[in-house]
Every structure is written in C-alpha cells, then in structure tokens.
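File shown: target_6.tsv (TSV, C-alpha atoms).
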chain	number	residue	atom	x	y	z
A	1	MET	CA	0.00	0.00	0.00
A	2	SER	CA	1.16	3.48	-0.62
A	3	ASP	CA	1.50	5.64	2.39
A	4	LEU	CA	3.98	8.26	3.40
A	5	THR	CA	6.47	5.82	4.83
A	6	THR	CA	6.31	2.79	2.56
A	7	ASN	CA	5.99	4.39	-0.83
A	8	THR	CA	8.69	2.69	-2.87
A	9	ALA	CA	8.04	4.49	-6.13
A	10	ALA	CA	11.31	5.63	-7.64
A	11	PRO	CA	10.76	9.17	-8.81
A	12	ALA	CA	12.45	10.23	-12.02
A	13	VAL	CA	13.36	13.56	-10.43
A	14	ARG	CA	14.19	14.00	-6.78
A	15	ALA	CA	11.63	16.24	-5.16
A	16	SER	CA	14.34	18.17	-3.31
A	17	GLU	CA	15.85	19.24	-6.66
A	18	TYR	CA	12.56	20.36	-8.15
A	19	ASP	CA	10.14	23.07	-7.15
A	20	ALA	CA	6.65	21.95	-7.98
A	21	GLN	CA	4.88	24.37	-10.27
A	22	PHE	CA	1.25	25.34	-9.94
A	23	GLY	CA	0.44	23.11	-12.91
A	24	ASP	CA	1.88	20.10	-11.06
A	25	TYR	CA	-0.54	20.64	-8.19
A	26	PHE	CA	-3.37	21.20	-10.66
A	27	ALA	CA	-2.49	17.89	-12.35
A	28	LEU	CA	-3.17	16.16	-9.00
A	29	LEU	CA	-6.83	17.05	-9.49
A	30	LYS	CA	-7.07	14.90	-12.64
A	31	PRO	CA	-8.34	17.69	-14.92
A	32	ARG	CA	-9.47	15.28	-17.68
A	33	VAL	CA	-11.67	13.34	-15.28
A	34	MET	CA	-12.86	16.68	-13.94
A	35	THR	CA	-14.34	17.59	-17.33
A	36	LEU	CA	-16.70	14.61	-17.04
A	37	VAL	CA	-17.59	15.58	-13.46
A	38	VAL	CA	-18.22	19.20	-14.42
A	39	PHE	CA	-20.31	18.35	-17.46
A	40	THR	CA	-22.53	15.72	-15.82
A	41	ALA	CA	-23.01	17.85	-12.69
A	42	PHE	CA	-23.92	20.80	-14.93
A	43	VAL	CA	-26.51	18.68	-16.72
A	44	GLY	CA	-27.94	17.43	-13.41
A	45	LEU	CA	-28.21	21.02	-12.18
A	46	LEU	CA	-29.91	22.34	-15.31
A	47	ALA	CA	-32.17	19.32	-15.85
A	48	ALA	CA	-33.68	19.87	-12.41
A	49	PRO	CA	-37.10	21.53	-12.51
A	50	VAL	CA	-36.03	24.26	-10.06
A	51	PRO	CA	-34.28	27.40	-11.39
A	52	VAL	CA	-30.97	28.22	-9.75
A	53	HIS	CA	-29.33	31.64	-9.59
A	54	PRO	CA	-26.59	31.59	-12.26
A	55	PHE	CA	-23.83	32.53	-9.82
A	56	VAL	CA	-24.95	29.93	-7.27
A	57	GLY	CA	-25.09	27.37	-10.09
A	58	PHE	CA	-21.58	28.32	-11.19
A	59	CYS	CA	-20.29	28.00	-7.62
A	60	ALA	CA	-22.06	24.65	-7.16
A	61	ILE	CA	-20.38	23.23	-10.28
A	62	LEU	CA	-17.03	24.69	-9.20
A	63	PHE	CA	-17.25	23.13	-5.73
A	64	ILE	CA	-18.33	19.77	-7.17
A	65	ALA	CA	-15.34	19.95	-9.55
A	66	VAL	CA	-12.98	20.83	-6.70
A	67	GLY	CA	-14.39	17.94	-4.64
A	68	GLY	CA	-13.85	15.59	-7.57
A	69	GLY	CA	-10.33	16.93	-7.97
A	70	ALA	CA	-9.64	16.49	-4.26
A	71	SER	CA	-10.63	12.83	-4.47
A	72	GLY	CA	-8.28	12.52	-7.46
A	73	ALA	CA	-5.40	13.93	-5.39
A	74	LEU	CA	-6.12	11.49	-2.56
A	75	ASN	CA	-6.32	8.66	-5.10
A	76	MET	CA	-2.89	9.64	-6.48
A	77	TRP	CA	-1.46	9.81	-2.97
A	78	TRP	CA	-2.64	6.29	-2.11
A	79	ASP	CA	-1.91	4.75	-5.50
A	80	ALA	CA	1.54	6.30	-6.04
A	81	ASP	CA	3.19	2.88	-5.92
A	82	ILE	CA	1.07	1.31	-8.66
A	83	ASP	CA	0.98	4.53	-10.69
A	84	ALA	CA	4.77	4.31	-10.91
A	85	VAL	CA	4.52	0.81	-12.39
A	86	MET	CA	1.85	1.51	-15.00
A	87	LYS	CA	2.92	3.25	-18.24
A	88	ARG	CA	-0.37	5.13	-18.44
A	89	THR	CA	0.11	6.75	-15.02
A	90	ALA	CA	3.91	6.85	-14.56
A	91	LYS	CA	4.08	10.53	-15.52
A	92	ARG	CA	1.63	11.64	-12.84
A	93	PRO	CA	3.03	14.24	-10.41
A	94	ILE	CA	3.90	11.89	-7.53
A	95	PRO	CA	5.56	8.95	-9.36
A	96	SER	CA	7.49	11.39	-11.55
A	97	GLY	CA	8.79	13.12	-8.42
A	98	ARG	CA	7.29	16.55	-9.12
A	99	VAL	CA	5.05	16.53	-6.04
A	100	GLU	CA	5.68	14.95	-2.63
A	101	PRO	CA	3.10	12.37	-1.45
A	102	GLY	CA	2.50	14.40	1.70
A	103	GLU	CA	1.67	17.47	-0.37
A	104	ALA	CA	-0.91	15.50	-2.36
A	105	LEU	CA	-2.46	14.22	0.87
A	106	ALA	CA	-2.64	17.73	2.34
A	107	ILE	CA	-4.11	19.23	-0.82
A	108	GLY	CA	-6.63	16.38	-1.15
A	109	LEU	CA	-7.83	16.64	2.45
A	110	ALA	CA	-7.96	20.44	2.44
A	111	LEU	CA	-9.87	20.67	-0.83
A	112	SER	CA	-12.25	17.88	0.24
A	113	GLY	CA	-13.25	19.77	3.36
A	114	PHE	CA	-13.40	23.09	1.54
A	115	SER	CA	-15.55	21.83	-1.35
A	116	CYS	CA	-18.10	20.00	0.82
A	117	VAL	CA	-18.55	22.85	3.29
A	118	PHE	CA	-18.82	25.50	0.60
A	119	LEU	CA	-21.21	23.44	-1.53
A	120	ALA	CA	-23.43	23.01	1.53
A	121	LEU	CA	-23.26	26.76	2.24
A	122	ALA	CA	-23.86	27.78	-1.37
A	123	THR	CA	-26.74	25.35	-2.01
A	124	ASN	CA	-27.92	22.93	0.66
A	125	VAL	CA	-26.68	20.35	3.16
A	126	LEU	CA	-27.88	17.39	1.09
A	127	ALA	CA	-25.68	18.39	-1.87
A	128	GLY	CA	-22.69	18.95	0.43
A	129	GLY	CA	-23.32	15.62	2.14
A	130	LEU	CA	-23.59	13.79	-1.19
A	131	LEU	CA	-20.30	15.32	-2.30
A	132	ALA	CA	-18.66	14.22	0.96
A	133	PHE	CA	-20.01	10.69	0.46
A	134	THR	CA	-18.76	10.66	-3.13
A	135	ILE	CA	-15.24	11.58	-2.02
A	136	PHE	CA	-15.38	8.95	0.72
A	137	PHE	CA	-16.69	6.36	-1.75
A	138	TYR	CA	-13.99	7.05	-4.32
A	139	VAL	CA	-11.07	7.30	-1.91
A	140	VAL	CA	-11.90	4.75	0.78
A	141	ILE	CA	-14.31	2.26	-0.83
A	142	TYR	CA	-12.80	2.22	-4.33
A	143	THR	CA	-9.16	3.31	-4.06
A	144	MET	CA	-8.19	1.87	-0.69
A	145	TRP	CA	-10.40	-1.20	-0.63
A	146	LEU	CA	-11.91	-2.48	-3.88
A	147	LYS	CA	-9.27	-1.54	-6.43
A	148	ARG	CA	-6.66	-3.96	-5.11
A	149	SER	CA	-8.95	-6.67	-3.80
A	150	THR	CA	-11.66	-7.58	-6.32
A	151	PRO	CA	-12.20	-7.70	-10.10
A	152	GLN	CA	-15.52	-5.99	-9.43
A	153	ASN	CA	-13.50	-2.89	-8.47
A	154	ILE	CA	-14.66	-0.66	-11.28
A	155	VAL	CA	-18.22	-2.02	-11.27
A	156	ILE	CA	-18.84	-0.85	-7.71
A	157	GLY	CA	-16.26	1.93	-7.79
A	158	GLY	CA	-17.98	3.38	-10.84
A	159	GLY	CA	-20.57	4.69	-8.42
A	160	ALA	CA	-18.19	7.47	-7.43
A	161	GLY	CA	-18.07	8.85	-10.96
A	162	ALA	CA	-21.84	8.52	-11.26
A	163	PHE	CA	-22.71	10.82	-8.36
A	164	PRO	CA	-22.02	14.28	-9.91
A	165	PRO	CA	-25.32	14.61	-11.86
A	166	MET	CA	-27.17	13.55	-8.72
A	167	ILE	CA	-25.27	16.16	-6.70
A	168	GLY	CA	-26.08	18.79	-9.33
A	169	TRP	CA	-29.76	17.85	-9.13
A	170	ALA	CA	-29.68	17.91	-5.32
A	171	ALA	CA	-27.96	21.32	-5.39
A	172	ALA	CA	-30.89	22.71	-7.38
A	173	THR	CA	-33.81	20.94	-5.73
A	174	GLY	CA	-32.58	19.99	-2.25
A	175	SER	CA	-33.77	16.42	-2.87
A	176	VAL	CA	-33.01	13.30	-4.93
A	177	SER	CA	-35.62	12.08	-7.39
A	178	VAL	CA	-36.07	9.24	-9.89
A	179	GLU	CA	-34.54	11.37	-12.66
A	180	ALA	CA	-31.40	11.95	-10.59
A	181	VAL	CA	-31.16	8.22	-9.90
A	182	LEU	CA	-31.53	7.46	-13.63
A	183	MET	CA	-28.68	9.84	-14.48
A	184	PHE	CA	-26.62	8.14	-11.77
A	185	CYS	CA	-27.43	4.71	-13.24
A	186	LEU	CA	-26.51	5.83	-16.75
A	187	THR	CA	-22.93	6.66	-15.72
A	188	PHE	CA	-22.77	3.72	-13.32
A	189	MET	CA	-23.65	1.17	-16.03
A	190	TRP	CA	-21.44	2.91	-18.59
A	191	THR	CA	-18.29	2.67	-16.45
A	192	PRO	CA	-17.59	-1.11	-16.63
A	193	PRO	CA	-17.60	-1.52	-20.44
A	194	HIS	CA	-15.62	1.73	-20.73
A	195	PHE	CA	-12.85	0.56	-18.39
A	196	TRP	CA	-12.84	-3.09	-19.48
A	197	ALA	CA	-12.26	-1.98	-23.07
A	198	LEU	CA	-9.31	0.05	-21.78
A	199	ALA	CA	-8.07	-2.96	-19.79
A	200	LEU	CA	-8.16	-5.12	-22.95
A	201	PHE	CA	-5.64	-2.95	-24.77
A	202	MET	CA	-3.65	-1.83	-21.70
A	203	ARG	CA	-3.25	-5.37	-20.38
A	204	SER	CA	0.38	-5.25	-19.33
A	205	ASP	CA	-0.22	-2.16	-17.20
A	206	TYR	CA	-2.69	-3.87	-14.87
A	207	ASP	CA	-0.69	-7.12	-14.91
A	208	ASP	CA	2.48	-5.30	-13.90
A	209	ALA	CA	0.74	-3.36	-11.14
A	210	LYS	CA	-1.04	-6.51	-9.90
A	211	VAL	CA	-4.39	-4.74	-10.00
A	212	PRO	CA	-7.07	-7.46	-10.15
A	213	MET	CA	-8.85	-6.23	-13.24
A	214	LEU	CA	-11.26	-8.66	-14.83
A	215	THR	CA	-8.76	-9.27	-17.63
A	216	VAL	CA	-6.22	-10.47	-15.06
A	217	THR	CA	-8.46	-12.54	-12.77
A	218	HIS	CA	-11.04	-14.02	-15.16
A	219	GLY	CA	-9.25	-13.82	-18.48
A	220	ARG	CA	-9.82	-11.82	-21.61
A	221	ARG	CA	-12.55	-14.07	-23.04
A	222	SER	CA	-14.65	-13.49	-19.93
A	223	THR	CA	-13.99	-9.73	-20.10
A	224	ARG	CA	-15.31	-9.63	-23.66
A	225	LYS	CA	-18.50	-11.41	-22.50
A	226	HIS	CA	-18.86	-8.99	-19.60
A	227	ILE	CA	-18.55	-5.99	-21.93
A	228	LEU	CA	-21.36	-7.33	-24.11
A	229	VAL	CA	-23.69	-8.11	-21.18
A	230	TYR	CA	-23.15	-4.74	-19.51
A	231	THR	CA	-23.61	-2.94	-22.83
A	232	ILE	CA	-26.99	-4.66	-23.37
A	233	LEU	CA	-28.11	-3.65	-19.87
A	234	LEU	CA	-26.80	-0.11	-20.44
A	235	ALA	CA	-28.66	0.20	-23.75
A	236	ALA	CA	-31.94	-0.81	-22.11
A	237	LEU	CA	-31.42	1.73	-19.34
A	238	ALA	CA	-30.28	4.52	-21.68
A	239	ILE	CA	-33.23	4.13	-24.04
A	240	GLY	CA	-35.67	3.68	-21.14
A	241	THR	CA	-34.48	7.00	-19.69
A	242	GLY	CA	-35.81	8.64	-22.85
A	243	PHE	CA	-39.37	7.98	-21.68
A	244	THR	CA	-38.92	9.81	-18.38
A	245	SER	CA	-39.16	13.53	-17.68
A	246	VAL	CA	-35.46	14.12	-18.43
A	247	GLY	CA	-35.83	12.46	-21.84
A	248	GLY	CA	-37.65	13.48	-24.99
A	249	PRO	CA	-37.49	13.08	-28.77
A	250	ILE	CA	-33.98	14.50	-29.14
A	251	TYR	CA	-32.64	12.36	-26.33
A	252	LEU	CA	-34.37	9.28	-27.74
A	253	ALA	CA	-32.92	9.86	-31.22
A	254	VAL	CA	-29.40	10.30	-29.81
A	255	ALA	CA	-29.81	7.29	-27.51
A	256	LEU	CA	-31.07	5.03	-30.30
A	257	VAL	CA	-28.21	5.87	-32.67
A	258	LEU	CA	-25.47	5.67	-30.05
A	259	ASN	CA	-26.75	2.51	-28.42
A	260	VAL	CA	-26.96	0.72	-31.76
A	261	LEU	CA	-23.32	1.74	-32.41
A	262	PHE	CA	-22.28	0.80	-28.88
A	263	LEU	CA	-23.99	-2.59	-29.08
A	264	LYS	CA	-22.32	-3.26	-32.42
A	265	GLY	CA	-18.95	-2.36	-30.90
A	266	ALA	CA	-19.54	-4.66	-27.94
A	267	TRP	CA	-20.66	-7.46	-30.26
A	268	ASP	CA	-17.52	-7.01	-32.39
A	269	ILE	CA	-15.34	-7.16	-29.27
A	270	PHE	CA	-17.18	-10.30	-28.12
A	271	ARG	CA	-16.59	-12.04	-31.46
A	272	ARG	CA	-12.87	-11.29	-31.57
A	273	ASP	CA	-10.11	-13.31	-29.97
A	274	GLU	CA	-6.63	-12.28	-28.92
A	275	THR	CA	-5.03	-13.24	-32.21
A	276	MET	CA	-7.39	-10.98	-34.14
A	277	SER	CA	-6.94	-8.14	-31.66
A	278	GLU	CA	-3.17	-8.31	-31.65
A	279	ALA	CA	-3.12	-8.49	-35.45
A	280	ASP	CA	-4.65	-5.02	-35.78
A	281	ASN	CA	-3.28	-3.64	-32.49
A	282	PHE	CA	-6.67	-3.71	-30.72
A	283	LYS	CA	-8.31	-1.44	-33.26
A	284	THR	CA	-11.88	-2.46	-32.39
A	285	GLU	CA	-11.29	-2.22	-28.64
A	286	LYS	CA	-9.72	1.23	-29.01
A	287	SER	CA	-12.60	2.40	-31.22
A	288	PHE	CA	-15.09	1.14	-28.64
A	289	PHE	CA	-13.24	3.02	-25.91
A	290	LYS	CA	-13.32	6.26	-27.91
A	291	LEU	CA	-16.99	5.73	-28.73
A	292	SER	CA	-17.71	5.24	-25.02
A	293	LEU	CA	-16.43	8.77	-24.33
A	294	LEU	CA	-18.68	10.23	-27.02
A	295	TYR	CA	-21.53	8.01	-25.78
A	296	LEU	CA	-21.66	9.52	-22.31
A	297	PHE	CA	-21.13	13.12	-23.38
A	298	ALA	CA	-23.80	12.80	-26.09
A	299	HIS	CA	-26.38	11.28	-23.72
A	300	PHE	CA	-25.89	13.98	-21.12
A	301	GLY	CA	-25.72	16.58	-23.87
A	302	ALA	CA	-29.11	15.40	-25.12
A	303	ILE	CA	-30.55	15.62	-21.59
A	304	LEU	CA	-29.18	19.18	-21.45
A	305	VAL	CA	-30.85	20.07	-24.77
A	306	GLU	CA	-34.15	18.60	-23.58
A	307	ALA	CA	-33.89	20.61	-20.36
A	308	GLY	CA	-33.17	23.77	-22.36
A	309	LEU	CA	-36.16	23.21	-24.63
A	310	ALA	CA	-38.42	22.55	-21.65
A	311	ARG	CA	-37.19	25.70	-19.92
A	312	PHE	CA	-38.09	27.80	-22.95
A	313	GLY	CA	-41.44	26.05	-23.28
A	314	ILE	CA	-40.61	24.34	-26.58
A	315	ASP	CA	-42.33	20.98	-27.07
A	316	LEU	CA	-41.14	19.25	-30.24
A	317	LEU	CA	-43.97	16.74	-30.16
A	318	GLY	CA	-46.66	19.33	-29.76
A	319	GLY	CA	-47.92	18.29	-26.39
A	320	PHE	CA	-47.36	14.56	-26.77
B	1	MET	CA	16.08	46.90	3.12
B	2	GLY	CA	14.85	45.06	0.05
B	3	ILE	CA	16.56	42.15	-1.66
B	4	ALA	CA	18.60	43.66	-4.49
B	5	HIS	CA	19.54	40.45	-6.28
B	6	GLU	CA	16.78	38.07	-7.28
B	7	HIS	CA	17.82	34.52	-6.62
B	8	GLU	CA	17.13	31.83	-9.21
B	9	LEU	CA	14.88	30.22	-6.61
B	10	HIS	CA	12.53	33.21	-6.80
B	11	GLN	CA	12.25	32.92	-10.56
B	12	ARG	CA	11.43	29.21	-10.32
B	13	ARG	CA	8.74	29.85	-7.75
B	14	ARG	CA	7.20	32.85	-9.48
B	15	GLY	CA	4.73	30.81	-11.50
B	16	ARG	CA	3.58	28.91	-8.44
B	17	ASN	CA	3.19	32.08	-6.40
B	18	ILE	CA	1.16	33.76	-9.13
B	19	GLY	CA	-1.08	30.68	-9.37
B	20	VAL	CA	-1.67	30.61	-5.62
B	21	GLY	CA	-2.32	34.36	-5.62
B	22	LEU	CA	-4.89	34.11	-8.40
B	23	THR	CA	-6.57	31.17	-6.65
B	24	LEU	CA	-6.89	33.16	-3.44
B	25	ALA	CA	-8.23	36.16	-5.36
B	26	ALA	CA	-10.80	33.91	-7.04
B	27	PHE	CA	-11.78	32.49	-3.65
B	28	ILE	CA	-12.37	36.00	-2.28
B	29	ALA	CA	-14.42	36.91	-5.35
B	30	ILE	CA	-16.53	33.76	-4.98
B	31	VAL	CA	-17.24	34.33	-1.29
B	32	PHE	CA	-18.07	37.99	-1.98
B	33	GLY	CA	-20.32	37.08	-4.92
B	34	LEU	CA	-22.11	34.33	-2.97
B	35	THR	CA	-22.68	36.74	-0.10
B	36	LEU	CA	-24.25	39.30	-2.42
B	37	VAL	CA	-26.50	36.69	-4.03
B	38	LYS	CA	-27.57	35.19	-0.70
B	39	ILE	CA	-28.31	38.57	0.83
B	40	GLY	CA	-30.11	39.66	-2.32
B	41	SER	CA	-32.32	36.58	-2.30
B	42	GLY	CA	-33.06	36.96	1.40
B	43	ASP	CA	-31.43	33.68	2.47
B	44	PHE	CA	-29.62	35.35	5.36
B	45	SER	CA	-32.38	37.66	6.52
B	46	ALA	CA	-33.74	37.21	10.01
B	47	SER	CA	-37.52	37.15	10.40
B	48	THR	CA	-38.63	40.74	9.83
B	49	ALA	CA	-42.32	40.06	10.08
B	50	PRO	CA	-44.12	42.04	12.80
B	51	GLN	CA	-45.24	40.13	15.87
B	52	GLY	CA	-48.91	40.34	14.93
B	53	ALA	CA	-48.18	38.77	11.54
B	54	GLU	CA	-46.52	35.76	13.20
B	55	SER	CA	-49.57	35.00	15.31
B	56	GLY	CA	-51.74	35.51	12.25
B	57	ALA	CA	-49.74	32.91	10.35
B	58	GLY	CA	-50.18	30.53	13.25
B	59	GLU	CA	-53.94	31.00	13.11
B	60	VAL	CA	-53.97	30.20	9.40
B	61	GLN	CA	-51.92	27.03	9.94
B	62	SER	CA	-54.05	25.83	12.83
B	63	GLY	CA	-57.12	26.48	10.76
B	64	ASN	CA	-56.03	24.00	8.08

Mind turning the file's structure into structure tokens?
Amino acid sequence: MSDLTTNTAAPAVRASEYDAQFGDYFALLKPRVMTLVVFTAFVGLLAAPVPVHPFVGFCAILFIAVGGGASGALNMWWDADIDAVMKRTAKRPIPSGRVEPGEALAIGLALSGFSCVFLALATNVLAGGLLAFTIFFYVVIYTMWLKRSTPQNIVIGGGAGAFPPMIGWAAATGSVSVEAVLMFCLTFMWTPPHFWALALFMRSDYDDAKVPMLTVTHGRRSTRKHILVYTILLAALAIGTGFTSVGGPIYLAVALVLNVLFLKGAWDIFRRDETMSEADNFKTEKSFFKLSLLYLFAHFGAILVEAGLARFGIDLLGGF
Amino acid sequence: MGIAHEHELHQRRRGRNIGVGLTLAAFIAIVFGLTLVKIGSGDFSASTAPQGAESGAGEVQSGN
C-alpha cells in the first residue's frame, strides 16, 4: 500500500531538486476526469425543474469539480506505488517526483473539506453531504479497498463517478428524485464496459501493477462477455431513460443511434479473440473506448438540450 | 532593506506564487459574490415580520 512511509516508487526527479509548479498541483486534481464531473453535474443542475441563480449554479459546479479533484489527489497519494509501475500513469506528479506524497495528501484533504462545506453553504446540506459521500466512496471504498482486492473494483467503484449529476440535481432541488437516480445509473452502467475496453488494450499495465482487473483474474474471453452483457443492460437503461421527464425526442434519437453503435462495438469485441486483436493492435477495442467517451457526453448533452427546450417552453412533439 | 539580487529560486517559484495568488483572489471573489447573491435573495435575513403577523400565520396554519 502506498503511504507516506512505505511508498517505494522511484521518482524520475528527486523532489528536493525540483520546485513543484502550480500546474503540477493542478495535475493532482485529474483535470481530464474533472471535465466529465463538471459536465454531468452541470446537466444534473440544469435538468432539475427548479431554477438556480446563475452565480450559485456556477459555484455549485465549481465546488463539485474541486471535490472531484480532491478525491483525485487522494487517489494519487494512495496509488503512487502502482501509478509508478503503469505506463499510463507513470508521468503523474507523484511517481514522476514533481510533487511529494505528503503534499498530495494535504491538498486532497484540504480541498475535500473546503468543497463540501462550501457546496453546503452555497446550495444545501444534502448536496454537500452527497459530495462528501462521493469523495469517501472514491477514496476509501474504491481506491483503498476495492481496487486492489476484487475484479468488481470498477463495477462498484464506478458509483463514485456517477454521483455528480445527482449532486447537481440535489444542489438545485434539495432532494433526490427518480430522474437523478436514472442519471446516476446511466454513468454507473457505462463505467464497466468503458474501463474493461481500456483494460483489454492496456493489459500489461494492470498485470504489472497486480491490480485485479477482470482481464487479469477471469481472463480476456470473460472480459469480452462482460462488456457485451453490460452494454446490453446499459442500452436498455439509456433508451428507457428517454421515456422519463429528463428524456424526450432528441434524447431518444441520440440514444437510439449511439446505443446501436455501442452494441455493435460490444458485439464485435465479443466475437474477436486475442489473435485478431493483436493483429490489428486492438483497433476495435480502441474504437469502442473512444466511442464510449462520445456516448456519455452525447447522452448527457441530449438531456441538457431537452432541459433547455423545456425551460423555454418548446415541445417538439406538440404536447405529446 | 529590500533584496537587491533576485535569486534563481525566486524565478522558479514565481509561476507557483502567481497561481496561488490568483486562486486566493478567485476564492475572495466567490465568497463575496455568494454573499451578495444570498443577501439579495433573502437567504440570510432574520424574520422581519411584525409580531402580529406571526400569530396571524399561526392561526392560518391551525385552521387547516
């Protein structure tokens, strides 16, 4: 485990010879992951049927983003040892020696407290509490416990990434409704096929770090089956969401097109074996992974468009 | 007496100091802005209703 005393990661640059720049600390907050958090929280906030003052809404999204970033810093602090082993993460601030583990811990804890308290003050206690639970879930349940102990790590751990739209909704309404739960489920069900596709073409990374990804514990054939099954369940959920109050004709059209493409991608992955994948350098798996990014952004984008139309009183189906 | 010669250390840390400074300035602006919005929307206002109005409200509630 990675803590302050037993971290054996060999930094490329000694921290004492390098003054961390502001960008190094910012990188601790996982800015790329933060874009997903910001966008889905923004959609949750705007899809809610209660208008929010624009500045309060801006602050709510900012605090949710900071909370998400804080959990990323704590994740990097704990996982510094395996980040150093994996090619994908070896250049992160701690394993590369640009930031001390203790600094990441301090920044993570400080920003966690700050973001939860200020979200509660700016909006309501439920939103602040949900953000606190999300940070706890990601850092303690996923990072410290599940990630290194079970191949179901990203299935359950995906819950952490699914909370932002629910927090955005709670920030606006002060409650959690069926629509907020559906948006949570959409991200929750999307996470496993997204990460398992990544694990298929980044196999050596997880092997080297001894992270029990499904590809390592149950084999690659089983992972391909899992991707297909989860994609079928996700498609049913995503299309079903179109018939709720956050859906509508635009959402349904987007969901139908993307889920057909996503199902085809999952089916193609299921039909392939390792020889085929290695022959074209995992082209299908990589395409599926890229499509998964578009998939989530497009679904939440469609929910946002539907919310915008509803707010301006535009009904495309003429009262249907 | 000021430091006449700027050490290389100061140059290396300039970017970080500017970043921290801007972050703190943004924090002040956010707290100030939130305060204005909350006061403007009446979230922080104590009950300003006259005493008679309070008892009147109670009567309405008990009448339901």

Quick one: everything within 12 Å of region 19-23 of chain B, counting all atoms listed in the file, minus sequence neighbours fewer than 3 positions away in the same chain. Send it as a PyMOL selection string. (chain A and resi 20-26) or (chain B and resi 13-16+26-30)

Record the distance separating CA of Ala298 (chain A) and CA of Phe243 (chain A), expressed in Å with one decimal. 16.9 Å

Atomic distance CA of Thr217 (chain A) - CA of Ala197 (chain A), expressed in Å with one decimal: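 Between CA of Thr217 (chain A) and CA of Ala197 (chain A) the gap is 15.2 Å.
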
Pick out the closest residue to Val140 (chain A) from this set: A:Thr40, A:Ser222, A:Ser71, A:Ser204. Count only C-alpha atoms.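 Going through A:Thr40, A:Ser222, A:Ser71, A:Ser204 one by one, the smallest distance to Val140 (chain A) is for A:Ser71.
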
What's around Phe163 (chain A) at 7 Å? Count all atoms listed in the file, leave out sequence neighbours fewer than 3 positions away in its own chain, and write the answer as a ChimeraX atom specification. /A:134,159-160,166-167,184

Env of Ser41 (chain B): 12 Å cut, atoms = all atoms listed in the file, seq-sep filter 6 positions within chain, self excluded. Answer as a ChimeraX atom specification. /A:52-53,56 /B:34-35

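The interatomic distance for the pair CA of His7 (chain B) and CA of Tyr18 (chain A) works out to 15.2 Å.
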
So that I can check the surroundings of Lys286 (chain A), please list as a list in words every protein, DNA and RNA residue that reaches within 9 Å of it, counting all atoms listed in the file and ignoring chain neighbours fewer than 6 positions away.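 Near Lys286 (chain A), the qualifying residues are Ala197, Leu198, Leu200 and Phe201 of chain A.
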
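Remark: for Ala236 (chain A), the closest of the candidate residues A:Thr143, A:Cys185, A:Phe137, A:Asp268 is A:Cys185 (distances computed over all atoms listed in the file).
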
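Among A:Leu293, A:Ala122, A:Leu28, A:Val50, the residue with the shortest atom-to-atom distance to chain B, counting all atoms listed in the file, is A:Ala122.
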
Using only C-alpha atoms, find all polymer residues with an atom at most 10 Å away from the point (-34.7, 23.6, -19.9); report them as a list of chain:residue names.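 In the file's frame, the residues around the point are A:Leu46, A:Ala47, A:Ala48, A:Pro49, A:Val50, A:Pro51, A:Val246, A:Ile303, A:Leu304, A:Val305, A:Glu306, A:Ala307, A:Gly308, A:Leu309, A:Ala310, A:Arg311, A:Phe312, A:Gly313, A:Ile314.
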
Considering only C-alpha atoms, can you say which of A:Ala27, A:Leu182, A:Met202, A:Leu74 comes closest to Lys87 (chain A)?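 Closest candidate: A:Met202.
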
Residues within 9 Å of (-30.6, 5.1, -27.7), file coords, all atoms listed in the file, listed as a list in words: Ala235, Ala236, Ala238, Ile239, Gly240, Gly242, Tyr251, Leu252, Ala253, Val254, Ala255, Leu256, Val257, Leu258, Asn259, Val260 and His299 of chain A

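Nearest to chain A of all the residues B:Leu24, B:Gly42, B:Val37, B:Phe32 is B:Val37, based on all atoms listed in the file.
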
Extract, using all atoms listed in the file, all DNA, RNA and protein residues at most 7 Å from Ala65 (chain A), discarding same-chain residues fewer than 3 positions from it, and format them as a list of chain:residue names.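 Listing them by chain and then by number gives A:Met34, A:Val37, A:Val38, A:Ile61, A:Leu62, A:Gly68, A:Gly69.
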